[in-house]
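Visitor: Quick one: the structure is below, and I'll ask about it shortly.
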Amino acid sequence: MDLKNFNKKSGRLVRRWATFGRESIEFDYFLPNPLPDMKEFCNNISIMEKSNEANRAIGELQGLTKNIGNIDLFTDPYMRKEAVDSSEIEGTYVSLTDVFLSEAGSKKPEFTNPNVREVVNFVHSIGYALEQLKSKKKIDKELLNTMHKFLLNDVRGKEKLVGKFRQQQNWIKSKGATKDILDADFIPPSEEKVEELMKYLFDYINEKDGFMRLIKAGLVHYLFETIHPYEDGNGRVGRTLILLYLIKSQILEEPILYLSPYFKKHKEVYYSLLMEVREKGNYDKWIKFFLEGVTEMAINTSKKVKKLIDLYEEYKQRLKKVNATQISISLLDKFFESPYWFISQLQGELGGENYPKTKRGMKYLVETNIIREFTQYKRNKIFVAPDILKILEEDLI
Ligand SMILES: Nc1ncnc2c1ncn2[C@@H]1O[C@H](COP(=O)(O)OP(=O)(O)O)[C@@H](O)[C@H]1O
Ligand SMILES: [Mg+2]
């Protein structure tokens, strides 16, 4: 913390002793205040404008997704893209191809590497939370802890506590880790405060009040990252929490808006504005940045969805022209869900279609340049739909 600028608006520093190894160290941790009243933001014209813009952009995106018959064709691959981007912010670099191939069950060693497994775990973790939200309609400790368990299940950081709030003091260093808490840029609340602070956050999240929910989403992310309730995974769980909150509070009907590409592009600003809230109580600047991100990503996602819809229509026309079989259309859907498939898997996905029929259906997709062989395995070939993959991979359009 930059103590010269610390004005105690968003919290206070609390002195404590803690033992690290054999050493006992005295330091100050940050104890955040309750989140500010919404009135603070209502009087800020620029924030109100940005909030309206963001709502408008989300509205457009929702309108677009309403016209899609099977929305899973877009949300499933898109969730994988988010898992890749959110992990990249934390220094885990994995390509979208790695994730798709790993999920398709490719046994090639590069697809079973720990980084890929971590991102695939993340996909399960988001999927689990979204499924739970459908019936549960509440975001609570159990939901987040289970997500955390899925995320860090059997990967690096195994020695860290998984599926539970931390039971020791942690600290954040912007550039590179430090073993010395006294070198930290930020020291989150003591482990003894985590339970109580998270309870406050869950109550805030689950409040019925539907007023200014986008602004609240930004505040929720700030407070979650400030509490830093887990030993690891706070960045990824905290960004997923934004999506869960938007769905829970009915801003979003589908899991189609993710902010990680924006945070990735502005990582330094992202971190420093969170710090500015802690040091100077500058909620406004953070909220503006957050709302701009929502707008940018909603507009971007709309463009992406439009591109995918156009491609889908074009592909259907191509298949019609060559009098392709009905199976080809079902196969086409599958390639929108995931751009990589083993032919054997597709057979199963089509409800156990026989091999010759599936193969013939695939032939039409190859002939029309929708898919091509990705591997040269003799027995079980992998096919890829390169143009679909390219659109999914694009960061900002
Ligand atoms: N210098 C910083 N200032 C503010 N927040 C930071 C800073 N460094 C890291 N963070 C926050 O901590 C998160 C990383 O915490 P961590 O528990 O390691 O999450 P993950 O395991 O998902 O990487 C970042 O995404 C960010 O939200
Ligand atoms: Mg980490």
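Just so we're on the same page: first chain in the structure tokens is A, next is B, and so on; residues restart at 1 for each chain, and ligands are numbered from 1 in the order they show up.
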Env of region 356-369 of chain A: 7 Å cut, atoms = only C-alpha atoms, seq-sep filter 5 positions within chain, self excluded. Answer as a list of chain:residue names.
Guide: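 Within the cut-off, the hits are A:Arg318, A:Leu319, A:Ala324, A:Thr325, A:Ile327, A:Ser328, A:Gln347.
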Visitor: For the selection you just gave me, I'd like the residues written to a file as a PDB file, in the first residue's frame, keeping all heavy atoms.
Guide:
ATOM      1  N   ARG A 318     -24.055 -23.732 -48.249  1.00  0.00           N
ATOM      2  CA  ARG A 318     -23.058 -24.547 -48.966  1.00  0.00           C
ATOM      3  C   ARG A 318     -23.476 -26.019 -48.975  1.00  0.00           C
ATOM      4  O   ARG A 318     -23.375 -26.690 -50.002  1.00  0.00           O
ATOM      5  CB  ARG A 318     -21.695 -24.478 -48.259  1.00  0.00           C
ATOM      6  CG  ARG A 318     -20.909 -23.252 -48.572  1.00  0.00           C
ATOM      7  CD  ARG A 318     -19.465 -23.475 -48.130  1.00  0.00           C
ATOM      8  NE  ARG A 318     -18.878 -22.210 -47.720  1.00  0.00           N
ATOM      9  CZ  ARG A 318     -17.651 -22.082 -47.195  1.00  0.00           C
ATOM     10  NH1 ARG A 318     -16.906 -23.147 -46.984  1.00  0.00           N
ATOM     11  NH2 ARG A 318     -17.191 -20.909 -46.861  1.00  0.00           N
ATOM     12  N   LEU A 319     -23.935 -26.490 -47.824  1.00  0.00           N
ATOM     13  CA  LEU A 319     -24.305 -27.907 -47.719  1.00  0.00           C
ATOM     14  C   LEU A 319     -25.540 -28.203 -48.566  1.00  0.00           C
ATOM     15  O   LEU A 319     -25.662 -29.263 -49.180  1.00  0.00           O
ATOM     16  CB  LEU A 319     -24.554 -28.289 -46.253  1.00  0.00           C
ATOM     17  CG  LEU A 319     -23.300 -28.326 -45.378  1.00  0.00           C
ATOM     18  CD1 LEU A 319     -23.638 -28.483 -43.907  1.00  0.00           C
ATOM     19  CD2 LEU A 319     -22.365 -29.461 -45.814  1.00  0.00           C
ATOM     20  N   ALA A 324     -26.270 -32.113 -49.429  1.00  0.00           N
ATOM     21  CA  ALA A 324     -25.714 -32.899 -48.323  1.00  0.00           C
ATOM     22  C   ALA A 324     -26.820 -33.594 -47.541  1.00  0.00           C
ATOM     23  O   ALA A 324     -27.989 -33.187 -47.590  1.00  0.00           O
ATOM     24  CB  ALA A 324     -24.924 -31.981 -47.399  1.00  0.00           C
ATOM     25  N   THR A 325     -26.454 -34.630 -46.811  1.00  0.00           N
ATOM     26  CA  THR A 325     -27.441 -35.379 -46.030  1.00  0.00           C
ATOM     27  C   THR A 325     -27.825 -34.608 -44.764  1.00  0.00           C
ATOM     28  O   THR A 325     -27.119 -33.687 -44.343  1.00  0.00           O
ATOM     29  CB  THR A 325     -26.833 -36.723 -45.575  1.00  0.00           C
ATOM     30  OG1 THR A 325     -25.561 -36.451 -44.989  1.00  0.00           O
ATOM     31  CG2 THR A 325     -26.666 -37.676 -46.734  1.00  0.00           C
ATOM     32  N   ILE A 327     -27.645 -35.588 -41.831  1.00  0.00           N
ATOM     33  CA  ILE A 327     -26.597 -35.779 -40.818  1.00  0.00           C
ATOM     34  C   ILE A 327     -25.532 -34.689 -40.892  1.00  0.00           C
ATOM     35  O   ILE A 327     -25.002 -34.258 -39.873  1.00  0.00           O
ATOM     36  CB  ILE A 327     -25.925 -37.170 -40.996  1.00  0.00           C
ATOM     37  CG1 ILE A 327     -26.924 -38.247 -40.586  1.00  0.00           C
ATOM     38  CG2 ILE A 327     -24.665 -37.297 -40.166  1.00  0.00           C
ATOM     39  CD1 ILE A 327     -26.371 -39.631 -40.648  1.00  0.00           C
ATOM     40  N   SER A 328     -25.261 -34.220 -42.097  1.00  0.00           N
ATOM     41  CA  SER A 328     -24.251 -33.161 -42.235  1.00  0.00           C
ATOM     42  C   SER A 328     -24.631 -31.926 -41.426  1.00  0.00           C
ATOM     43  O   SER A 328     -23.779 -31.270 -40.841  1.00  0.00           O
ATOM     44  CB  SER A 328     -24.097 -32.733 -43.695  1.00  0.00           C
ATOM     45  OG  SER A 328     -23.906 -33.846 -44.491  1.00  0.00           O
ATOM     46  N   GLN A 347     -20.005 -39.971 -33.912  1.00  0.00           N
ATOM     47  CA  GLN A 347     -20.962 -41.061 -34.076  1.00  0.00           C
ATOM     48  C   GLN A 347     -21.819 -41.194 -32.821  1.00  0.00           C
ATOM     49  O   GLN A 347     -23.036 -41.270 -32.881  1.00  0.00           O
ATOM     50  CB  GLN A 347     -20.183 -42.369 -34.219  1.00  0.00           C
ATOM     51  CG  GLN A 347     -20.330 -43.037 -35.547  1.00  0.00           C
ATOM     52  CD  GLN A 347     -19.460 -44.277 -35.535  1.00  0.00           C
ATOM     53  OE1 GLN A 347     -18.228 -44.168 -35.534  1.00  0.00           O
ATOM     54  NE2 GLN A 347     -20.085 -45.427 -35.498  1.00  0.00           N
TER      55      GLN A 347
END
Visitor: Contacts between ligand 1 and chain A, please, where a residue of chain A counts if it comes within 8 Å (with only C-alpha atoms and all ligand atoms); show its shortest atom pair and distance in Å to one decimal, rows by chain and ascending number, as a Markdown table.
Guide:
| residue | atom | partner | partner_atom_place_in_ligand_line | distance |
| --- | --- | --- | --- | --- |
| A:Ser86 | CA | ligand 1 | 22 (O) | 7.7 |
| A:Ser87 | CA | ligand 1 | 22 (O) | 6.7 |
| A:Ile89 | CA | ligand 1 | 25 (O) | 6.7 |
| A:Glu90 | CA | ligand 1 | 23 (O) | 4.3 |
| A:Gly91 | CA | ligand 1 | 23 (O) | 7.4 |
| A:Ile172 | CA | ligand 1 | 8 (N) | 5.5 |
| A:Lys173 | CA | ligand 1 | 1 (N) | 5.5 |
| A:Ser174 | CA | ligand 1 | 1 (N) | 3.6 |
| A:Lys175 | CA | ligand 1 | 1 (N) | 7.3 |
| A:Asp185 | CA | ligand 1 | 1 (N) | 6.2 |
| A:Phe186 | CA | ligand 1 | 3 (N) | 6.8 |
| A:Glu225 | CA | ligand 1 | 27 (O) | 5.3 |
| A:Thr226 | CA | ligand 1 | 5 (N) | 7.5 |
| A:His228 | CA | ligand 1 | 17 (O) | 6.7 |
| A:Tyr230 | CA | ligand 1 | 17 (O) | 6.4 |
| A:Glu231 | CA | ligand 1 | 17 (O) | 6.0 |
| A:Asp232 | CA | ligand 1 | 17 (O) | 3.6 |
| A:Gly233 | CA | ligand 1 | 21 (O) | 3.0 |
| A:Asn234 | CA | ligand 1 | 17 (O) | 3.7 |
| A:Gly235 | CA | ligand 1 | 25 (O) | 3.4 |
| A:Arg236 | CA | ligand 1 | 22 (O) | 3.9 |
| A:Val237 | CA | ligand 1 | 22 (O) | 6.4 |
| A:Gly238 | CA | ligand 1 | 27 (O) | 7.3 |
| A:Arg239 | CA | ligand 1 | 25 (O) | 7.9 |
| A:Tyr270 | CA | ligand 1 | 4 (C) | 7.6 |
| A:Tyr271 | CA | ligand 1 | 4 (C) | 4.1 |
| A:Ser272 | CA | ligand 1 | 3 (N) | 5.7 |
| A:Leu273 | CA | ligand 1 | 4 (C) | 7.7 |
| A:Leu274 | CA | ligand 1 | 4 (C) | 5.4 |
| A:Met275 | CA | ligand 1 | 4 (C) | 5.2 |
Visitor: List the neighbours of Thr75 (chain A) out to 10 Å using only C-alpha atoms; skip same-chain residues closer than 3 positions along the sequence, and give me the result as an NGL selection string.
Guide: :A and (65 or 70-72 or 78-81 or 254-257 or 305 or 337)
Visitor: Could those selected residues go to a file with C-alpha atoms, as a PDB file, in the first residue's frame?
Guide:
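Here's the written file part.pdb:
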ATOM      1  CA  THR A  65     -28.959 -14.239 -28.585  1.00  0.00           C
ATOM      2  CA  ASN A  70     -29.623 -23.410 -29.799  1.00  0.00           C
ATOM      3  CA  ILE A  71     -27.709 -20.939 -27.685  1.00  0.00           C
ATOM      4  CA  ASP A  72     -25.389 -23.643 -26.330  1.00  0.00           C
ATOM      5  CA  TYR A  78     -17.236 -19.201 -25.509  1.00  0.00           C
ATOM      6  CA  MET A  79     -16.951 -20.340 -21.903  1.00  0.00           C
ATOM      7  CA  ARG A  80     -13.777 -22.170 -22.872  1.00  0.00           C
ATOM      8  CA  LYS A  81     -12.382 -19.006 -24.353  1.00  0.00           C
ATOM      9  CA  GLU A 254     -27.244 -16.518 -20.875  1.00  0.00           C
ATOM     10  CA  PRO A 255     -23.603 -16.883 -19.873  1.00  0.00           C
ATOM     11  CA  ILE A 256     -22.410 -14.881 -22.813  1.00  0.00           C
ATOM     12  CA  LEU A 257     -20.579 -11.882 -21.379  1.00  0.00           C
ATOM     13  CA  VAL A 305     -22.067 -13.823 -32.295  1.00  0.00           C
ATOM     14  CA  GLU A 337     -20.129 -26.452 -30.188  1.00  0.00           C
TER      15      GLU A 337
END
Visitor: Quick one: residues within 12 Å of Asn67 (chain A), only C-alpha atoms counted, chain neighbours fewer than 6 positions away excluded, as a list of chain:residue names?
Guide: A:Glu60, A:Leu61, A:Val305, A:Lys306, A:Ile309
Visitor: Rank nothing, just name the residue among A:Leu96, A:Ile242, A:Ala18, A:Leu3 nearest to Gly218 (chain A), using only C-alpha atoms.
Guide: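 Using only C-alpha atoms, Gly218 (chain A) sits closest to A:Ile242.
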Visitor: Which residue out of A:Gln132, A:Ser249, A:Ser330, A:Thr240 has the minimum interatomic distance to Leu73 (chain A) when only C-alpha atoms are used?
Guide: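 Ranked by minimum distance to Leu73 (chain A), first place goes to A:Ser330.
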Visitor: Residues at most 10 Å from region 26-31 of chain A, counting only C-alpha atoms, excluding those fewer than 3 positions away in the same chain, as number ranges by chain?
Guide: A: 1, 8, 10-19, 23, 34, 169-171, 181-182, 186-190, 193-194, 197, 226-227, 278-279
Visitor: Please provide the set of residues having any atom within 12 Å of region 50-53 of chain A, restricted to only C-alpha atoms, with same-chain residues fewer than 5 positions apart removed, written as a ChimeraX atom specification.
Guide: /A:41-42,44-45,58-60,211-218,284-285,287-299
Visitor: Compile the contact shell of Ala104 (chain A) as a compact mmCIF listing (two decimals) with all heavy atoms, in the first residue's frame: residues with an atom at most 10 Å away, counting only C-alpha atoms, same-chain residues fewer than 6 positions apart removed.
Guide:
# COMPACT_ATOMS: atom_id res chain seq x y z
N ASP A 98 -5.68 -26.37 -27.43
CA ASP A 98 -5.28 -27.33 -26.38
C ASP A 98 -6.49 -27.78 -25.56
O ASP A 98 -6.63 -28.94 -25.22
CB ASP A 98 -4.26 -26.69 -25.42
CG ASP A 98 -2.91 -26.48 -26.09
OD1 ASP A 98 -2.68 -27.09 -27.13
OD2 ASP A 98 -2.11 -25.70 -25.55
N SER A 338 -17.93 -27.29 -30.64
CA SER A 338 -16.48 -27.40 -30.46
C SER A 338 -15.87 -27.63 -31.83
O SER A 338 -16.33 -28.48 -32.58
CB SER A 338 -16.16 -28.59 -29.55
OG SER A 338 -14.78 -28.90 -29.68
N TYR A 340 -13.19 -29.02 -32.76
CA TYR A 340 -12.39 -30.24 -32.96
C TYR A 340 -13.20 -31.48 -32.57
O TYR A 340 -13.79 -31.52 -31.48
CB TYR A 340 -11.15 -30.23 -32.06
CG TYR A 340 -10.10 -29.24 -32.47
CD1 TYR A 340 -10.09 -27.97 -31.92
CD2 TYR A 340 -9.12 -29.57 -33.39
CE1 TYR A 340 -9.12 -27.04 -32.27
CE2 TYR A 340 -8.14 -28.66 -33.75
CZ TYR A 340 -8.14 -27.40 -33.19
OH TYR A 340 -7.18 -26.49 -33.54
N TRP A 341 -13.18 -32.48 -33.41
CA TRP A 341 -13.87 -33.73 -33.06
C TRP A 341 -13.14 -34.95 -33.62
O TRP A 341 -12.62 -34.91 -34.74
CB TRP A 341 -15.29 -33.76 -33.63
CG TRP A 341 -16.25 -32.88 -32.90
CD1 TRP A 341 -16.63 -31.62 -33.28
CD2 TRP A 341 -16.97 -33.18 -31.69
NE1 TRP A 341 -17.53 -31.11 -32.38
CE2 TRP A 341 -17.76 -32.05 -31.39
CE3 TRP A 341 -17.02 -34.28 -30.82
CZ2 TRP A 341 -18.59 -31.98 -30.27
CZ3 TRP A 341 -17.85 -34.22 -29.71
CH2 TRP A 341 -18.62 -33.08 -29.45
N PHE A 342 -13.19 -36.00 -32.86
CA PHE A 342 -12.84 -37.32 -33.39
C PHE A 342 -14.09 -37.85 -34.09
O PHE A 342 -15.20 -37.68 -33.57
CB PHE A 342 -12.54 -38.30 -32.25
CG PHE A 342 -11.18 -38.15 -31.65
CD1 PHE A 342 -11.00 -37.50 -30.43
CD2 PHE A 342 -10.07 -38.69 -32.29
CE1 PHE A 342 -9.75 -37.39 -29.88
CE2 PHE A 342 -8.81 -38.58 -31.73
CZ PHE A 342 -8.65 -37.93 -30.52
N GLN A 345 -16.22 -40.02 -31.85
CA GLN A 345 -17.05 -39.32 -30.87
C GLN A 345 -18.32 -38.82 -31.50
O GLN A 345 -19.38 -38.84 -30.91
CB GLN A 345 -16.31 -38.07 -30.40
CG GLN A 345 -15.38 -38.26 -29.28
CD GLN A 345 -14.77 -36.90 -28.97
OE1 GLN A 345 -14.41 -36.15 -29.87
NE2 GLN A 345 -14.68 -36.60 -27.70
N ILE A 382 -8.89 -36.81 -36.22
CA ILE A 382 -9.48 -35.61 -35.63
C ILE A 382 -9.75 -34.64 -36.78
O ILE A 382 -8.91 -34.46 -37.67
CB ILE A 382 -8.53 -34.94 -34.63
CG1 ILE A 382 -8.25 -35.86 -33.45
CG2 ILE A 382 -9.12 -33.63 -34.12
CD1 ILE A 382 -7.29 -35.26 -32.42
Visitor: Out of region 14-126 of chain A, which residues get helix (DSSP H, G or I) from DSSP, as an NGL selection string?
Guide: :A and (39-42 or 45-66 or 72-89 or 96-104 or 109-112 or 114-126)
Visitor: Rounded to one decimal in Å, what is the spacing between CA of Lys320 (chain A) and CA of Ile371 (chain A)?
Guide: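 Distance reported for this atom pair: 15.8 Å.
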Visitor: Interatomic distance between CA of Phe20 (chain A) and atom 1 (Mg, counted along the ligand's line) of ligand 2?
Guide: 19.8 Å
Visitor: Running DSSP on the backbone, which parts of region 10-96 of chain A land in strand (DSSP E or B), as a list in words?
Guide: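 Everything in region 10-96 of chain A that counts as strand (DSSP E or B) is Gly11, Arg12, Leu13, Val14, Arg15, Arg16, Trp17, Ala18, Thr19, Phe20, Glu23, Ser24, Ile25, Glu26, Phe27, Asp28, Tyr29, Phe30, Leu31 and Pro32 of chain A.
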Visitor: CA of Glu103 (chain A) and CA of Leu64 (chain A) are how many Å apart?
Guide: 28.4 Å
Visitor: Closest to Phe336 (chain A) among A:Pro77, A:Gly105, A:Pro114, A:Gly127, using only C-alpha atoms?
Guide: A:Pro77
Visitor: So, with only C-alpha atoms as the atoms that count, which of A:Ala129, A:Ile251, A:Leu350, A:Leu308 lies closest to Arg56 (chain A)?
Guide: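 Comparing A:Ala129, A:Ile251, A:Leu350, A:Leu308 against Arg56 (chain A), the winner is A:Ile251.
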